[in-house]
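File shown: structure.txt. Contents: compact mmCIF, C-alpha atoms and all ligand atoms.
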# COMPACT_ATOMS: atom_id res chain seq x y z
CA MET G 211 73.93 61.80 95.41
CA LYS G 212 74.02 59.46 98.38
CA THR G 213 77.02 59.77 100.66
CA LEU G 214 79.23 56.74 101.24
CA LYS G 215 77.81 56.51 104.76
CA GLN G 216 74.25 56.43 103.42
CA ARG G 217 75.23 53.68 100.98
CA ILE G 218 76.80 51.66 103.80
CA LEU G 219 73.70 52.15 106.01
CA THR G 220 71.45 50.93 103.18
CA HIS G 221 73.70 47.97 102.51
CA ILE G 222 73.58 46.91 106.16
CA LYS G 223 69.79 47.36 106.32
CA ASP G 224 69.47 45.08 103.28
CA ASN G 225 72.18 42.52 104.01
CA GLY G 226 72.82 42.56 107.75
CA PRO G 227 75.87 43.63 109.80
CA MET G 228 79.28 44.08 108.19
CA SER G 229 82.67 42.93 109.50
CA ILE G 230 85.20 45.63 110.38
CA ALA G 231 87.21 44.44 107.36
CA GLY G 232 84.22 44.86 105.07
CA TYR G 233 83.60 48.34 106.44
CA MET G 234 87.27 49.32 106.26
CA GLY G 235 87.63 48.08 102.68
CA TRP G 236 84.59 50.03 101.64
CA ALA G 237 85.51 53.25 103.48
CA LEU G 238 89.10 53.26 102.22
CA LEU G 239 88.83 51.82 98.74
CA ASP G 240 85.38 52.48 97.23
CA PRO G 241 86.36 53.65 93.72
CA THR G 242 84.13 56.74 93.68
CA GLN G 243 83.75 57.73 97.34
CA GLY G 244 86.45 55.83 99.24
CA TYR G 245 89.12 57.66 101.21
CA TYR G 246 92.20 56.86 99.12
CA PRO G 247 90.74 57.08 95.59
CA THR G 248 89.32 60.55 96.19
CA ARG G 249 92.17 62.57 97.66
CA ASP G 250 95.80 63.28 98.43
CA PRO G 251 95.75 62.78 102.20
CA PHE G 252 99.34 63.68 103.05
CA GLY G 253 101.17 66.57 104.62
CA VAL G 254 100.46 69.48 106.92
CA ASP G 255 97.18 70.33 105.15
CA GLY G 256 96.17 66.69 104.86
CA ASP G 257 95.18 64.12 107.46
CA PHE G 258 98.47 62.49 108.39
CA ILE G 259 102.18 62.61 107.69
CA THR G 260 104.48 59.67 106.98
CA ALA G 261 108.23 59.15 107.37
CA PRO G 262 109.19 59.91 103.75
CA GLU G 263 107.08 63.06 103.93
CA ILE G 264 108.97 64.12 107.07
CA SER G 265 112.42 63.80 105.55
CA GLN G 266 114.23 62.81 102.37
CA MET G 267 116.75 60.95 104.57
CA PHE G 268 114.26 58.14 105.14
CA GLY G 269 114.00 57.11 101.48
CA GLU G 270 117.67 57.81 100.88
CA VAL G 271 118.90 55.29 103.43
CA LEU G 272 116.31 52.75 102.24
CA GLY G 273 117.98 53.17 98.85
CA LEU G 274 121.17 51.86 100.46
CA TRP G 275 119.23 48.89 101.80
CA LEU G 276 118.04 48.11 98.28
CA ILE G 277 121.50 48.44 96.71
CA HIS G 278 122.82 45.97 99.29
CA ALA G 279 119.95 43.52 98.65
CA TRP G 280 120.50 43.76 94.87
CA ARG G 281 124.20 43.04 95.30
CA SER G 282 123.45 40.08 97.54
CA MET G 283 121.41 38.66 94.65
CA GLY G 284 124.54 38.84 92.46
CA SER G 285 123.86 42.28 90.91
CA PRO G 286 121.44 41.01 88.22
CA ASP G 287 121.12 43.03 84.98
CA THR G 288 117.40 43.48 85.53
CA VAL G 289 115.62 43.80 88.85
CA HIS G 290 111.92 44.41 89.40
CA LEU G 291 111.61 47.05 92.07
CA VAL G 292 108.10 46.99 93.50
CA GLU G 293 106.48 49.46 95.86
CA TYR G 294 103.20 48.77 97.62
CA GLY G 295 101.15 51.89 98.36
CA PRO G 296 103.61 54.54 97.14
CA GLY G 297 101.54 57.54 98.30
CA ARG G 298 102.84 60.63 96.53
CA GLY G 299 105.93 58.79 95.24
CA VAL G 300 108.23 60.81 97.47
CA MET G 301 109.98 57.84 99.04
CA MET G 302 110.66 56.25 95.66
CA ALA G 303 112.07 59.52 94.32
CA ASP G 304 114.48 59.62 97.28
CA ILE G 305 115.37 55.95 96.76
CA LEU G 306 116.11 56.50 93.08
CA ARG G 307 118.39 59.44 93.90
CA THR G 308 120.42 57.14 96.14
CA ALA G 309 120.38 54.48 93.41
CA ASN G 310 122.59 56.83 91.38
CA LEU G 311 125.41 55.84 93.75
CA ASP G 312 125.56 52.56 91.82
CA LYS G 313 124.84 53.16 88.13
CA ASP G 314 124.58 49.43 87.42
CA PHE G 315 121.83 49.17 90.01
CA LYS G 316 120.01 52.20 88.65
CA ASN G 317 120.21 50.82 85.10
CA ALA G 318 118.88 47.44 86.24
CA ILE G 319 115.69 48.85 87.78
CA GLN G 320 112.27 48.19 86.30
CA LEU G 321 109.88 50.03 88.59
CA ASN G 322 106.45 48.61 89.42
CA LEU G 323 103.98 50.50 91.58
CA ILE G 324 100.98 48.87 93.23
CA GLU G 325 98.49 51.61 94.05
CA THR G 326 94.75 51.54 94.53
CA SER G 327 94.12 55.27 94.20
CA SER G 328 94.01 56.90 90.78
CA ALA G 329 94.45 60.32 92.43
CA LEU G 330 97.72 59.17 93.98
CA GLU G 331 98.75 57.34 90.82
CA ALA G 332 98.69 60.70 89.04
CA LYS G 333 100.91 62.22 91.76
CA GLN G 334 103.31 59.29 91.46
CA ALA G 335 103.51 59.76 87.68
CA GLU G 336 104.34 63.45 88.22
CA GLN G 337 106.95 62.66 90.85
CA LEU G 338 108.63 59.74 89.08
CA GLY G 339 108.09 60.48 85.40
CA ASN G 340 111.59 61.93 84.94
CA SER G 341 113.42 59.56 87.24
CA GLY G 342 115.20 57.79 84.40
CA VAL G 343 113.79 54.32 85.15
CA PRO G 344 110.95 52.59 83.32
CA VAL G 345 107.83 52.61 85.47
CA GLN G 346 104.51 50.79 85.27
CA TRP G 347 101.48 50.47 87.52
CA VAL G 348 100.21 46.97 88.25
CA SER G 349 97.35 45.79 90.42
CA LYS G 350 99.17 42.82 91.90
CA LEU G 351 102.57 41.14 92.21
CA GLU G 352 101.49 38.33 89.88
CA ASP G 353 101.25 40.82 87.00
CA ILE G 354 104.99 41.57 87.05
CA PRO G 355 107.25 39.60 84.65
CA GLN G 356 109.49 36.96 86.21
CA GLY G 357 112.94 37.97 87.47
CA PRO G 358 114.82 39.05 90.59
CA THR G 359 112.59 41.20 92.75
CA LEU G 360 112.95 43.88 95.41
CA ILE G 361 109.83 44.93 97.27
CA ILE G 362 109.24 47.83 99.61
CA GLY G 363 106.25 49.25 101.44
CA ASN G 364 105.97 51.99 104.05
CA GLU G 365 102.71 52.38 105.98
CA PHE G 366 101.01 49.98 103.61
CA LEU G 367 100.29 47.09 105.99
CA ASP G 368 98.42 49.31 108.46
CA CYS G 369 95.68 50.10 105.95
CA LEU G 370 94.94 46.47 105.12
CA PRO G 371 91.44 45.70 106.46
CA ILE G 372 91.35 43.99 109.86
CA ARG G 373 88.80 41.80 111.58
CA GLN G 374 88.14 42.08 115.30
CA PHE G 375 87.15 39.23 117.62
CA ILE G 376 85.93 39.65 121.19
CA MET G 377 86.13 36.93 123.87
CA LYS G 378 82.74 36.17 125.37
CA ASP G 379 81.46 33.65 127.91
CA ARG G 380 84.76 31.89 127.89
CA PHE G 381 83.64 29.11 130.21
CA LYS G 382 80.14 28.57 128.77
CA GLY G 383 79.17 26.12 126.03
CA ASN G 384 78.93 28.83 123.42
CA GLY G 385 82.14 30.55 124.51
CA GLY G 386 84.94 31.74 122.33
CA TRP G 387 85.85 34.57 120.03
CA HIS G 388 82.89 36.48 118.58
CA GLU G 389 83.26 38.76 115.58
CA ARG G 390 82.73 42.47 116.06
CA TYR G 391 80.44 43.92 113.42
CA VAL G 392 79.34 47.32 112.15
CA GLU G 393 75.57 47.72 112.48
CA VAL G 394 72.89 50.41 112.09
CA ASP G 395 72.11 52.03 115.44
CA PRO G 396 68.62 50.79 116.41
CA ASN G 397 67.96 54.19 118.05
CA ASN G 398 69.20 56.28 115.12
CA PRO G 399 68.82 55.05 111.53
CA ASP G 400 71.53 57.48 110.37
CA ALA G 401 74.25 56.25 112.71
CA LEU G 402 76.60 53.28 112.67
CA ILE G 403 77.55 51.41 115.85
CA TYR G 404 79.50 48.28 116.78
CA SER G 405 77.79 45.00 117.61
CA ILE G 406 78.98 41.52 118.55
CA ALA G 407 77.95 38.35 116.70
CA PRO G 408 75.83 36.04 118.91
CA SER G 409 77.69 32.89 117.75
CA PRO G 410 81.41 32.32 118.03
CA ILE G 411 83.62 32.36 114.94
CA SER G 412 84.04 29.21 112.85
CA ALA G 413 87.00 26.84 113.08
CA ILE G 414 88.24 28.30 109.77
CA ASP G 415 88.26 31.81 111.21
CA GLN G 416 89.84 30.50 114.40
CA ALA G 417 92.80 29.42 112.26
CA LEU G 418 93.36 33.07 111.29
CA LEU G 419 94.52 33.86 114.83
CA PRO G 420 98.21 33.92 115.75
CA SER G 421 99.27 30.69 117.48
CA ILE G 422 100.74 32.54 120.45
CA LEU G 423 98.21 34.78 122.18
CA PRO G 424 98.65 36.85 125.32
CA ASP G 425 96.55 35.74 128.32
CA PHE G 426 93.00 36.83 127.65
CA LYS G 427 89.79 37.13 129.60
CA ASP G 428 86.15 37.84 128.79
CA GLY G 429 85.76 41.14 126.99
CA ASP G 430 89.26 41.13 125.50
CA LEU G 431 89.60 41.97 121.81
CA ILE G 432 92.04 40.59 119.25
CA GLU G 433 92.64 41.93 115.75
CA VAL G 434 93.74 39.96 112.71
CA SER G 435 94.61 41.20 109.27
CA PRO G 436 93.75 38.55 106.67
CA GLY G 437 95.62 40.69 104.12
CA LEU G 438 98.95 39.78 105.77
CA ALA G 439 98.47 36.12 104.84
CA GLN G 440 97.45 37.08 101.29
CA LEU G 441 100.54 39.24 100.97
CA VAL G 442 102.83 36.47 102.24
CA ASP G 443 101.15 34.08 99.84
CA ALA G 444 101.96 36.36 96.92
CA LEU G 445 105.58 36.70 98.12
CA GLN G 446 105.93 32.96 98.58
CA ASN G 447 104.72 32.31 95.01
CA ARG G 448 106.99 34.96 93.61
CA PHE G 449 110.06 33.91 95.59
CA ALA G 450 109.55 30.23 94.71
CA ASN G 451 110.83 31.02 91.21
CA ASN G 452 112.65 34.32 91.64
CA MET G 453 115.23 35.63 94.07
CA GLY G 454 113.66 38.33 96.13
CA ALA G 455 113.78 40.54 99.20
CA ALA G 456 110.91 42.52 100.70
CA LEU G 457 111.04 45.25 103.32
CA PHE G 458 107.99 46.58 105.13
CA ILE G 459 107.93 49.41 107.65
CA ASP G 460 104.90 50.19 109.75
CA TYR G 461 103.63 50.83 113.25
CA GLY G 462 102.86 48.05 115.68
CA PRO G 463 104.26 45.82 118.41
CA ARG G 464 106.84 43.06 118.05
CA GLU G 465 104.69 40.60 120.02
CA THR G 466 100.95 40.06 119.60
CA GLU G 467 98.90 42.35 121.83
CA LEU G 468 95.22 42.44 122.69
CA GLY G 469 93.10 45.57 122.29
CA ASP G 470 91.16 47.69 119.84
CA THR G 471 93.53 49.78 117.71
CA PHE G 472 91.15 50.54 114.85
CA GLN G 473 91.56 54.28 114.41
CA ALA G 474 90.50 57.15 112.20
CA LEU G 475 92.66 60.20 111.51
CA LYS G 476 91.36 63.41 110.02
CA LYS G 477 93.41 66.60 109.92
CA HIS G 478 95.97 65.00 112.24
CA THR G 479 93.29 64.36 114.89
CA LYS G 480 91.75 61.06 115.97
CA THR G 481 88.04 60.73 115.21
CA SER G 482 85.57 57.88 115.53
CA PRO G 483 86.12 55.34 112.71
CA LEU G 484 82.36 55.00 112.15
CA ASP G 485 81.50 58.72 111.89
CA GLU G 486 82.52 59.64 108.36
CA PRO G 487 83.49 56.72 106.15
CA GLY G 488 85.47 57.95 103.15
CA HIS G 489 86.55 61.16 104.89
CA ALA G 490 89.09 59.92 107.42
CA ASP G 491 92.08 57.60 107.15
CA LEU G 492 91.45 54.24 108.82
CA THR G 493 94.30 52.10 110.10
CA ALA G 494 95.15 49.51 112.73
CA ARG G 495 98.54 48.63 114.15
CA VAL G 496 100.41 45.75 112.52
CA ASP G 497 100.97 42.54 114.47
CA PHE G 498 104.59 41.85 113.51
CA ALA G 499 104.76 38.59 115.48
CA HIS G 500 101.86 37.28 113.43
CA LEU G 501 103.39 38.44 110.14
CA ARG G 502 106.61 36.76 111.16
CA GLU G 503 104.83 33.52 112.03
CA ILE G 504 102.95 33.45 108.70
CA ALA G 505 106.11 34.21 106.71
CA LEU G 506 108.18 31.54 108.50
CA ALA G 507 105.41 29.00 107.84
CA ALA G 508 105.68 29.99 104.16
CA GLU G 509 109.40 29.16 104.36
CA LEU G 510 110.62 32.69 103.84
CA ASP G 511 113.70 33.98 105.66
CA VAL G 512 112.51 36.57 108.15
CA TYR G 513 114.52 39.35 109.79
CA GLY G 514 113.03 41.57 112.49
CA ALA G 515 110.80 43.19 113.34
CA CYS G 516 113.37 45.78 114.34
CA PRO G 517 112.51 49.20 115.82
CA GLN G 518 112.69 51.90 113.14
CA GLY G 519 115.16 54.04 115.12
CA GLN G 520 117.69 51.22 115.40
CA PHE G 521 117.12 50.16 111.81
CA LEU G 522 117.67 53.63 110.36
CA SER G 523 120.73 54.15 112.56
CA ARG G 524 122.27 50.96 111.23
CA LEU G 525 121.63 52.23 107.71
CA GLY G 526 123.62 55.35 108.58
CA ILE G 527 120.90 57.97 108.85
CA GLU G 528 122.91 60.05 111.35
CA VAL G 529 125.83 60.19 108.91
CA ARG G 530 123.45 61.27 106.18
CA ALA G 531 122.07 64.00 108.46
CA VAL G 532 125.57 65.36 109.08
CA ALA G 533 126.35 65.42 105.35
CA LEU G 534 123.06 67.17 104.53
CA SER G 535 123.61 69.75 107.28
CA ARG G 536 127.07 70.47 105.96
CA ASN G 537 125.64 71.10 102.48
CA THR G 538 122.78 73.26 103.74
CA PRO G 539 123.89 74.95 106.99
CA ASN G 540 120.65 76.97 107.16
CA ALA G 541 118.66 73.76 107.43
CA LYS G 542 120.78 72.27 110.21
CA GLU G 543 118.16 72.60 112.95
CA LYS G 544 115.39 71.41 110.71
CA ILE G 545 117.39 68.31 109.76
CA ALA G 546 118.12 67.60 113.42
CA ARG G 547 114.39 67.84 114.20
CA GLN G 548 113.55 65.48 111.33
CA LEU G 549 116.16 62.98 112.47
CA HIS G 550 114.79 63.11 115.99
CA ARG G 551 111.26 62.51 114.77
CA LEU G 552 112.20 59.50 112.68
CA THR G 553 114.51 57.81 115.16
CA HIS G 554 113.85 58.87 118.76
CA GLU G 555 112.09 56.31 120.92
CA ASP G 556 109.49 58.86 122.05
CA GLU G 557 108.66 59.68 118.42
CA MET G 558 108.60 57.11 115.59
CA GLY G 559 111.78 55.29 116.58
CA ASN G 560 110.21 52.61 118.73
CA LEU G 561 106.57 52.45 117.67
CA PHE G 562 107.49 51.81 114.04
CA LYS G 563 109.26 48.59 113.02
CA ALA G 564 111.01 47.24 109.97
CA ILE G 565 110.69 43.62 108.86
CA ALA G 566 112.44 41.88 105.97
CA LEU G 567 111.12 38.79 104.21
CA GLN G 568 113.47 37.11 101.76
CA SER G 569 113.79 34.12 99.49
CA LYS G 570 116.06 31.41 100.88
CA GLY G 571 119.80 31.65 100.45
CA LEU G 572 120.36 35.40 100.27
CA ALA G 573 122.78 37.17 102.58
CA GLY G 574 121.29 38.80 105.67
CA PRO G 575 119.82 42.23 104.84
CA LEU G 576 121.30 45.53 106.00
CA GLY G 577 119.95 47.06 109.16
CA PHE G 578 119.07 43.92 111.08
CA LYS G 579 121.29 42.24 113.59
CA ALA G 580 122.98 39.27 111.87
CA THR G 581 120.97 36.16 112.60
CA PRO G 582 122.97 33.34 114.20
CA LEU G 583 123.64 30.56 111.71
CA GLY G 584 121.00 27.84 111.58
CA PHE G 585 118.73 29.72 113.95
CA LYS G 586 116.55 31.79 111.68
CA ASP G 587 113.69 31.97 114.13
CA THR G 588 115.48 34.08 116.67
CA ARG G 589 113.54 36.93 118.24
CA GLU G 590 116.73 38.97 118.22
CA THR G 591 116.66 41.71 115.65
N1 LIG G 601 104.00 54.76 101.38
C1 LIG G 601 103.46 56.09 101.38
C2 LIG G 601 101.95 56.12 101.57
C3 LIG G 601 101.36 55.45 102.76
S1 LIG G 601 99.60 55.60 102.85
C4 LIG G 601 104.16 56.92 102.46
O1 LIG G 601 104.83 56.35 103.29
O2 LIG G 601 104.00 58.14 102.45
C5 LIG G 601 99.00 54.12 102.15
C6 LIG G 601 99.19 53.98 100.66
O3 LIG G 601 98.70 52.68 100.28
C7 LIG G 601 98.42 54.96 99.81
O4 LIG G 601 99.18 55.23 98.65
C8 LIG G 601 97.16 54.16 99.47
O5 LIG G 601 96.45 54.69 98.38
C9 LIG G 601 97.72 52.80 99.24
N2 LIG G 601 96.82 51.66 99.43
C10 LIG G 601 95.96 51.44 100.44
N3 LIG G 601 95.35 50.25 100.31
C11 LIG G 601 95.84 49.69 99.19
C12 LIG G 601 95.60 48.45 98.51
N4 LIG G 601 94.74 47.55 98.98
N5 LIG G 601 96.29 48.20 97.37
C13 LIG G 601 97.19 49.11 96.88
N6 LIG G 601 97.45 50.30 97.49
C14 LIG G 601 96.79 50.58 98.61

Rendering of file as structure tokens:
Amino acid sequence: MKTLKQRILTHIKDNGPMSIAGYMGWALLDPTQGYYPTRDPFGVDGDFITAPEISQMFGEVLGLWLIHAWRSMGSPDTVHLVEYGPGRGVMMADILRTANLDKDFKNAIQLNLIETSSALEAKQAEQLGNSGVPVQWVSKLEDIPQGPTLIIGNEFLDCLPIRQFIMKDRFKGNGGWHERYVEVDPNNPDALIYSIAPSPISAIDQALLPSILPDFKDGDLIEVSPGLAQLVDALQNRFANNMGAALFIDYGPRETELGDTFQALKKHTKTSPLDEPGHADLTARVDFAHLREIALAAELDVYGACPQGQFLSRLGIEVRAVALSRNTPNAKEKIARQLHRLTHEDEMGNLFKAIALQSKGLAGPLGFKATPLGFKDTRET
């Protein structure tokens, strides 16, 4: 059987170069040979580790966030709880344990999981089958029945395919942003390399860029994730008719930055993204300023992005750590290490951010600095 890389090489030979987004979508999501559909990538033996896999405290305090959001919607009898990219279902299991603190909340939950990988779907079913809430898998938000909605996603945005544009000949007639492509190496028919489109991007693609860009010069690279706009679109449609709050946590800067952040992780080590499509996790940092801009334009209330350390502290993660250590004195040091990893600025505390997108008229969410009245667009978090 042909490898995924051989199939991609053939496709490019037949159809011409591929955008980074096209390549990323194929490498991550191909149903038979893509990265996610074919494996469980998490943990020490896997390729990477995520916050809920580091500690149960992460999902537990997010459970508090969700209880608060549900109450701010008037504690409806039914709430659609949606998770994008649930991985092994560990975070949701921790959330649902916390949900027991408010039985009315727990009883209101209809759980909807949006997952592209059938391998992970099976893990989620194992993990959440006995959680006491009805659960279904859907392919998109539109497939969920109408009603109040809570949405959550950890490390989901970073695997949405990105496009990369490089500034070339800025002061010449043909100047502007040129798309970076994946191409067959002319010196080695079995290798993939990057290339740059000879013509600048179209006006339509130009409109994909954030409106505020850092100063750039020739050779600079900017990344955009068209999936962010699609996601906001889906939220906007949903929240037009239903109360809703969404929380996303991921890695990336608060303001738009230039630079190539397309990366591959295999066995906790960075590799070249073009070497082994389907065998390494591919991600790029999330541009939270851009997400914020798109969401505000869609008339959503936006809070953050707020550094993960601050956010988790405001949700009481330190208090939770103390309580856990008291219950399991043997694990005290381990819990302290986990807390440090999730919240310290040299670990995940600063690199990772939380952002909340809500329908109009709800109370401010937990964990974000209260937004001054009538000034929703503040950069304060
Ligand atoms: N939230 C989990 C997993 C993060 S990894 C955690 O924090 O541990 C990314 C998850 O998103 C995986 O479950 C992956 O299969 C899923 N995923 C990636 N792209 C997706 C897409 N386009 N649609 C739905 N799920 C996707």

Inset, instruction - Would you work out the distance separating CA of Val442 (chain G) from CA of Gly232 (chain G), expressed in Å to one decimal? - result: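 Distance reported for this atom pair: 20.6 Å.
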
Report as CSV the residues of chain G within 7 Å of ligand LIG 601 (chain G), each with its shortest atom pair and distance in Å (one decimal), using only C-alpha atoms and all ligand atoms, ordered by chain and increasing residue number.
residue,atom,partner,partner_atom,distance
G:Leu239,CA,G:LIG601,N3,6.9
G:Tyr246,CA,G:LIG601,O5,4.8
G:Pro247,CA,G:LIG601,O5,6.8
G:Thr260,CA,G:LIG601,O2,4.8
G:Ala261,CA,G:LIG601,O1,6.0
G:Pro262,CA,G:LIG601,O2,5.6
G:Glu263,CA,G:LIG601,O2,6.0
G:Tyr294,CA,G:LIG601,N6,6.0
G:Gly295,CA,G:LIG601,O3,3.2
G:Pro296,CA,G:LIG601,N1,4.3
G:Gly297,CA,G:LIG601,O4,3.3
G:Arg298,CA,G:LIG601,O2,6.5
G:Met301,CA,G:LIG601,C4,6.8
G:Ile324,CA,G:LIG601,C13,5.3
G:Glu325,CA,G:LIG601,N6,3.8
G:Thr326,CA,G:LIG601,C13,4.2
G:Ser327,CA,G:LIG601,O5,4.8
G:Leu330,CA,G:LIG601,O4,6.3
G:Gly363,CA,G:LIG601,N1,6.0
G:Asn364,CA,G:LIG601,N1,4.3
G:Glu365,CA,G:LIG601,C3,4.6
G:Phe366,CA,G:LIG601,C5,4.8
G:Cys369,CA,G:LIG601,N3,5.7
G:Leu370,CA,G:LIG601,N3,6.1

Give me the region 465-549 of chain G side of the contact with region 556-571 of chain G, cut-off 12 Å, one line per residue showing its nearest atom pair and distance in Å at one decimal, counting all atoms listed in the file, sorted by chain and residue number, as a Markdown table.
| residue | atom | partner | partner_atom | distance |
| --- | --- | --- | --- | --- |
| G:Glu465 | CA | G:Lys563 | CA | 11.6 |
| G:Arg495 | CA | G:Phe562 | CA | 9.5 |
| G:Val496 | CA | G:Lys563 | CA | 9.3 |
| G:Asp497 | CA | G:Lys563 | CA | 10.4 |
| G:Phe498 | CA | G:Ile565 | CA | 7.9 |
| G:Ala499 | CA | G:Ile565 | CA | 10.2 |
| G:His500 | CA | G:Ile565 | CA | 11.8 |
| G:Leu501 | CA | G:Ile565 | CA | 9.0 |
| G:Arg502 | CA | G:Ile565 | CA | 8.3 |
| G:Glu503 | CA | G:Leu567 | CA | 11.3 |
| G:Ile504 | CA | G:Leu567 | CA | 10.7 |
| G:Ala505 | CA | G:Leu567 | CA | 7.2 |
| G:Leu506 | CA | G:Leu567 | CA | 8.9 |
| G:Ala507 | CA | G:Leu567 | CA | 11.9 |
| G:Ala508 | CA | G:Ser569 | CA | 10.2 |
| G:Glu509 | CA | G:Lys570 | CA | 7.8 |
| G:Leu510 | CA | G:Ser569 | CA | 5.6 |
| G:Asp511 | CA | G:Gln568 | CA | 5.0 |
| G:Val512 | CA | G:Leu567 | CA | 4.7 |
| G:Tyr513 | CA | G:Ala566 | CA | 5.0 |
| G:Gly514 | CA | G:Ile565 | CA | 4.8 |
| G:Ala515 | CA | G:Ile565 | CA | 4.5 |
| G:Cys516 | CA | G:Lys563 | CA | 5.2 |
| G:Pro517 | CA | G:Lys563 | CA | 4.3 |
| G:Gln518 | CA | G:Lys563 | CA | 4.8 |
| G:Gly519 | CA | G:Gly559 | CA | 3.9 |
| G:Gln520 | CA | G:Gly559 | CA | 7.3 |
| G:Phe521 | CA | G:Ala564 | CA | 7.0 |
| G:Leu522 | CA | G:Gly559 | CA | 8.7 |
| G:Ser523 | CA | G:Gly559 | CA | 9.9 |
| G:Arg524 | CA | G:Ala564 | CA | 11.9 |
| G:Leu525 | CA | G:Ala564 | CA | 11.9 |
| G:Arg547 | CA | G:Glu557 | CA | 10.8 |
| G:Gln548 | CA | G:Glu557 | CA | 10.4 |
| G:Leu549 | CA | G:Gly559 | CA | 9.8 |

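Of note, CA of Ala474 (chain G) and CA of Leu492 (chain G) are spaced 4.6 Å apart.
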
Inset, instruction - Point out the residue among G:Glu433, G:Leu367, G:Asp491, G:Arg530 with the least atom-to-atom distance to Leu274 (chain G), counting all atoms listed in the file. - result: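 Ranked by minimum distance to Leu274 (chain G), first place goes to G:Arg530.
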
Legend entry - Option closest in space to Thr481 (chain G), from G:Asp257, G:Asp460, G:Asp240, G:Glu393 [counting only C-alpha atoms]: G:Asp257

Legend entry - Among listed residues G:Gly488, G:Ser349, G:Ala541, G:Glu467, nearest Ile218 (chain G) (using all atoms listed in the file):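 Closest candidate: G:Gly488.
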
Inset, instruction - For CA of Ala546 (chain G) and CA of Gly526 (chain G), determine how far apart the two atoms are, in Å to one decimal place. - result: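 Here the two named atoms are 14.3 Å from each other.
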
Legend entry - From G:His489, G:Arg373, G:Leu572, G:Ile264, residue lying nearest Lys544 (chain G) [all atoms listed in the file]: G:Ile264

Inset, instruction - Find the spatial neighbours of Met377 (chain G), counting only C-alpha atoms, within a cut-off of 7 Å - ignore same-chain residues fewer than 5 positions away - and output them as a list in words. - result: Gly386, Trp387, His388, Lys427, Asp428, Gly429, Asp430 and Leu431 of chain G

Inset, instruction - Go through G:Glu352, G:Leu360, G:Lys579, G:Gly253 and flag the residue nearest Met453 (chain G), using only C-alpha atoms for the distances. - result: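 Smallest distance to Met453 (chain G) is found for G:Leu360.
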
Inset, instruction - Rank G:Leu272, G:Val394, G:Met283, G:Leu418 by their smallest atom-to-atom distance to Leu484 (chain G), using all atoms listed in the file, and report the top residue only. - result: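 Closest to Leu484 (chain G), using all atoms listed in the file: G:Val394.
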
I'd like the neighbourhood of Gln337 (chain G) as a short mmCIF file (atom, residue, chain, number, x, y, z; two decimals) with C-alpha atoms, keeping the file's coordinate frame, where a residue qualifies if any of its atoms comes within 10 Å (using only C-alpha atoms), though same-chain residues fewer than 4 positions away should be ignored.
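Contents of the output file out_11.cif:
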data_model
loop_
_atom_site.label_atom_id
_atom_site.label_comp_id
_atom_site.auth_asym_id
_atom_site.auth_seq_id
_atom_site.Cartn_x
_atom_site.Cartn_y
_atom_site.Cartn_z
CA ARG G 298 102.84 60.63 96.53
CA GLY G 299 105.93 58.79 95.24
CA VAL G 300 108.23 60.81 97.47
CA MET G 301 109.98 57.84 99.04
CA MET G 302 110.66 56.25 95.66
CA ALA G 303 112.07 59.52 94.32
CA GLU G 331 98.75 57.34 90.82
CA ALA G 332 98.69 60.70 89.04
CA LYS G 333 100.91 62.22 91.76
CA SER G 341 113.42 59.56 87.24
#

Inset, instruction - Please provide the set of residues having any atom within 8 Å of Ile354 (chain G), restricted to all atoms listed in the file, with same-chain residues fewer than 5 positions apart removed, written as a list in words. - result: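 Those residues are His290, Asn322 and Val348 of chain G.
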
Inset, instruction - Would you mind listing what lies within 12 Å of Asp314 (chain G) as JSON, numbers by chain, with all atoms listed in the file counted and same-chain residues fewer than 6 positions away left out? - result: {"G": [277, 280, 281, 284, 285, 286, 287, 288, 289]}

Can you patch up region 467-472 of chain G, filling it in to N, CA, C and O atoms, and show the result as a PDB file, in the coordinates of the input?
ATOM      1  N   GLU G 467      99.549  41.707 120.684  1.00  0.00           N
ATOM      2  CA  GLU G 467      98.900  42.350 121.830  1.00  0.00           C
ATOM      3  C   GLU G 467      97.400  42.355 121.643  1.00  0.00           C
ATOM      4  O   GLU G 467      96.918  42.392 120.508  1.00  0.00           O
ATOM      5  N   LEU G 468      96.676  42.328 122.757  1.00  0.00           N
ATOM      6  CA  LEU G 468      95.220  42.440 122.690  1.00  0.00           C
ATOM      7  C   LEU G 468      94.848  43.917 122.577  1.00  0.00           C
ATOM      8  O   LEU G 468      95.670  44.789 122.830  1.00  0.00           O
ATOM      9  N   GLY G 469      93.585  44.187 122.237  1.00  0.00           N
ATOM     10  CA  GLY G 469      93.100  45.570 122.290  1.00  0.00           C
ATOM     11  C   GLY G 469      92.665  46.103 120.940  1.00  0.00           C
ATOM     12  O   GLY G 469      93.134  45.657 119.897  1.00  0.00           O
ATOM     13  N   ASP G 470      91.747  47.064 121.022  1.00  0.00           N
ATOM     14  CA  ASP G 470      91.160  47.690 119.840  1.00  0.00           C
ATOM     15  C   ASP G 470      92.053  48.829 119.383  1.00  0.00           C
ATOM     16  O   ASP G 470      92.205  49.825 120.087  1.00  0.00           O
ATOM     17  N   THR G 471      92.671  48.695 118.205  1.00  0.00           N
ATOM     18  CA  THR G 471      93.530  49.780 117.710  1.00  0.00           C
ATOM     19  C   THR G 471      93.001  50.370 116.403  1.00  0.00           C
ATOM     20  O   THR G 471      93.700  51.120 115.732  1.00  0.00           O
ATOM     21  N   PHE G 472      91.778  50.000 116.060  1.00  0.00           N
ATOM     22  CA  PHE G 472      91.150  50.540 114.850  1.00  0.00           C
ATOM     23  C   PHE G 472      90.991  52.038 115.037  1.00  0.00           C
ATOM     24  O   PHE G 472      90.325  52.469 115.973  1.00  0.00           O
TER      25      PHE G 472
END
